[in-house]
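**Q** Provided herewith is a single structure, encoded as structure tokens, for subsequent inquiry.
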Amino acid sequence: MIDIIEYLFKTNAIKFCEENKPFFLTSGYISPYFSNTHFLYGNEKEASEFLSFIDECLSEKITLPKKIFNKVLQQYKTNEIYKNSIDTMVEFIKQNVDLSTIDYISGGERRDWFFTNIIAYLLNKPHITIFKDLSVLVSDSNFENTENVQSLSGKKALHIVDLITVASSFSRFWNPAIKKLGAQILYSFAFVDRNQGRC
């Protein structure tokens with residue numbers, strides 16, 4: 001397994017502020033550094049282009065999971081940094097989770113999708129795509145079929161995020177969306193945890 005921290009610096013995903021000019025984070029915190037974890041997609045240019053692609057796909061939600069999957073699968077096959085980062089997370093999950101207790105892999109709009117679709121595919125688990133309006137789509141592990149769902153009663157999800165500061169998006173969006181369906185997030189994994197507590 002590779003060292004994710006090494007890749008974060010290699011891709012310039014970690015940025016440090018100028019003196020007396022801290023970063024203001026989405027969580028409301030200020031910080032001397034900022035992490036663009038999605039640069040693990042390979043590099044800043046490719047990550048930015050993919051983020052723009054996701055934005056374009058948001059206009060037609062039902063086709064979005066498949067379009068994202070096609071992109072990340074191609075990137076997984078051709079980019080060493082991305083492939084190694086994904087393989088490291090997959091191996092970590094396999095070592096720490098009884099996958100028989102998990103029904104779905106879930107990920108939220110937008111940066112989680114850099115990672116969740118390909119991980120769902122590699123773990124052979126269906127995927128829950130969560131939007132910030134709390135709507136969800138469910139796809140099979142190959143992303144050949146995607147549908148709107150109103151209930152996932154009793155189902156368990158493993159949620160993957162790019163970055164955790166105080167888990168504000170998790171509390172405001174992802175967990176409520178899953179609960180609304182009658183399901184539960186049983187595990188959550190992050191590529192970067194800033195270790196600043198949970199809300």
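By order of appearance in the structure tokens: chains A, B, ..., then residues from 1 within every chain, and ligands from 1 in the order shown.
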Within 12 Å of A:Lys45, counting only C-alpha atoms, which residues show up once you throw out same-chain ones fewer than 4 positions away? Write them as a PyMOL selection string, please.

**A** chain A and resi 11-13+36+38-41+49-52

**Q** If you count only C-alpha atoms, which residues fall within 10 Å of A:Asp87, apart from same-chain ones fewer than 2 positions away, as a PyMOL selection string?

**A** chain A and resi 1-2+76+81-85+89-93+118-119+122

**Q** Which residue is closest to A:Thr146? Choose from A:Lys10, A:Pro65, A:Val72, A:Glu44 and count only C-alpha atoms.

**A** A:Pro65

**Q** Give the alpha helix (DSSP H) residues of stretch 102-199 of chain A, as assigned by DSSP on the backbone, as a VMD selection string.

**A** chain A and resid 116 to 123 168 to 169 175 to 180

**Q** Output N, CA and C atoms for every residue in that selection, as a CSV table (one decimal), in the first residue's frame.

**A**
chain,number,residue,atom,x,y,z
A,116,THR,N,-16.2,7.3,-4.8
A,116,THR,CA,-17.1,6.3,-4.4
A,116,THR,C,-17.6,5.4,-5.5
A,117,ASN,N,-17.8,5.9,-6.7
A,117,ASN,CA,-18.3,5.0,-7.8
A,117,ASN,C,-17.3,3.9,-8.1
A,118,ILE,N,-16.0,4.3,-8.2
A,118,ILE,CA,-15.0,3.2,-8.6
A,118,ILE,C,-14.9,2.2,-7.4
A,119,ILE,N,-15.0,2.7,-6.2
A,119,ILE,CA,-14.8,1.8,-5.0
A,119,ILE,C,-16.0,0.9,-5.0
A,120,ALA,N,-17.2,1.4,-5.2
A,120,ALA,CA,-18.4,0.5,-5.3
A,120,ALA,C,-18.2,-0.6,-6.3
A,121,TYR,N,-17.7,-0.2,-7.5
A,121,TYR,CA,-17.4,-1.2,-8.5
A,121,TYR,C,-16.4,-2.3,-8.1
A,122,LEU,N,-15.3,-1.8,-7.5
A,122,LEU,CA,-14.3,-2.8,-7.1
A,122,LEU,C,-14.7,-3.7,-5.9
A,123,LEU,N,-15.6,-3.2,-5.1
A,123,LEU,CA,-16.1,-4.0,-4.0
A,123,LEU,C,-17.4,-4.8,-4.4
A,168,SER,N,-19.4,18.5,8.7
A,168,SER,CA,-20.6,19.3,8.5
A,168,SER,C,-21.5,18.8,7.4
A,169,SER,N,-20.9,18.4,6.2
A,169,SER,CA,-21.7,17.9,5.1
A,169,SER,C,-22.4,16.6,5.5
A,175,ASN,N,-26.0,12.0,6.0
A,175,ASN,CA,-26.7,11.1,6.9
A,175,ASN,C,-28.2,11.3,6.9
A,176,PRO,N,-28.8,12.6,6.9
A,176,PRO,CA,-30.2,12.8,6.8
A,176,PRO,C,-30.8,12.1,5.5
A,177,ALA,N,-30.1,12.2,4.4
A,177,ALA,CA,-30.6,11.6,3.2
A,177,ALA,C,-30.8,10.1,3.3
A,178,ILE,N,-29.8,9.5,3.9
A,178,ILE,CA,-29.9,8.0,4.1
A,178,ILE,C,-30.9,7.7,5.1
A,179,LYS,N,-31.0,8.4,6.2
A,179,LYS,CA,-32.0,8.1,7.2
A,179,LYS,C,-33.5,8.3,6.6
A,180,LYS,N,-33.6,9.3,5.8
A,180,LYS,CA,-35.0,9.5,5.2
A,180,LYS,C,-35.5,8.3,4.4

**Q** Do a neighbour search on A:Gly107 at 8 Å with only C-alpha atoms, toss out local chain neighbours closer than 2 positions, and write the hits as number ranges by chain.

**A** A: 105, 109, 112-113, 116-117, 127-130, 159-161, 174

**Q** I need the chosen residues saved as a JSON list (two decimals), in the first residue's frame, with N, CA and C atoms.

**A**
[["chain", "number", "residue", "atom", "x", "y", "z"],
["A", 105, "ILE", "N", -22.47, 1.20, -1.08],
["A", 105, "ILE", "CA", -21.47, 2.25, -0.92],
["A", 105, "ILE", "C", -22.17, 3.56, -1.25],
["A", 109, "GLU", "N", -22.55, 14.64, -3.16],
["A", 109, "GLU", "CA", -22.21, 15.71, -4.12],
["A", 109, "GLU", "C", -21.14, 16.64, -3.56],
["A", 112, "ASP", "N", -16.98, 13.66, -3.27],
["A", 112, "ASP", "CA", -16.98, 12.24, -2.88],
["A", 112, "ASP", "C", -17.03, 11.34, -4.10],
["A", 113, "TRP", "N", -17.68, 11.83, -5.17],
["A", 113, "TRP", "CA", -17.88, 11.02, -6.37],
["A", 113, "TRP", "C", -16.58, 10.75, -7.13],
["A", 116, "THR", "N", -16.16, 7.33, -4.85],
["A", 116, "THR", "CA", -17.13, 6.32, -4.42],
["A", 116, "THR", "C", -17.58, 5.37, -5.52],
["A", 117, "ASN", "N", -17.77, 5.90, -6.73],
["A", 117, "ASN", "CA", -18.27, 5.04, -7.80],
["A", 117, "ASN", "C", -17.30, 3.91, -8.13],
["A", 127, "HIS", "N", -24.40, 1.33, -5.51],
["A", 127, "HIS", "CA", -23.96, 2.66, -5.11],
["A", 127, "HIS", "C", -25.15, 3.60, -4.89],
["A", 128, "ILE", "N", -25.07, 4.39, -3.81],
["A", 128, "ILE", "CA", -26.06, 5.43, -3.55],
["A", 128, "ILE", "C", -25.42, 6.77, -3.85],
["A", 129, "THR", "N", -25.98, 7.49, -4.82],
["A", 129, "THR", "CA", -25.54, 8.83, -5.16],
["A", 129, "THR", "C", -26.43, 9.83, -4.43],
["A", 130, "ILE", "N", -25.83, 10.65, -3.56],
["A", 130, "ILE", "CA", -26.61, 11.59, -2.75],
["A", 130, "ILE", "C", -26.35, 13.02, -3.22],
["A", 159, "HIS", "N", -20.21, 4.82, 3.81],
["A", 159, "HIS", "CA", -20.12, 6.13, 3.16],
["A", 159, "HIS", "C", -18.66, 6.55, 3.05],
["A", 160, "ILE", "N", -18.28, 7.03, 1.89],
["A", 160, "ILE", "CA", -16.91, 7.46, 1.64],
["A", 160, "ILE", "C", -16.90, 8.94, 1.32],
["A", 161, "VAL", "N", -16.01, 9.68, 1.98],
["A", 161, "VAL", "CA", -15.88, 11.12, 1.73],
["A", 161, "VAL", "C", -14.44, 11.42, 1.34],
["A", 174, "TRP", "N", -25.64, 14.10, 4.02],
["A", 174, "TRP", "CA", -25.51, 12.68, 3.69],
["A", 174, "TRP", "C", -26.26, 11.79, 4.67]]
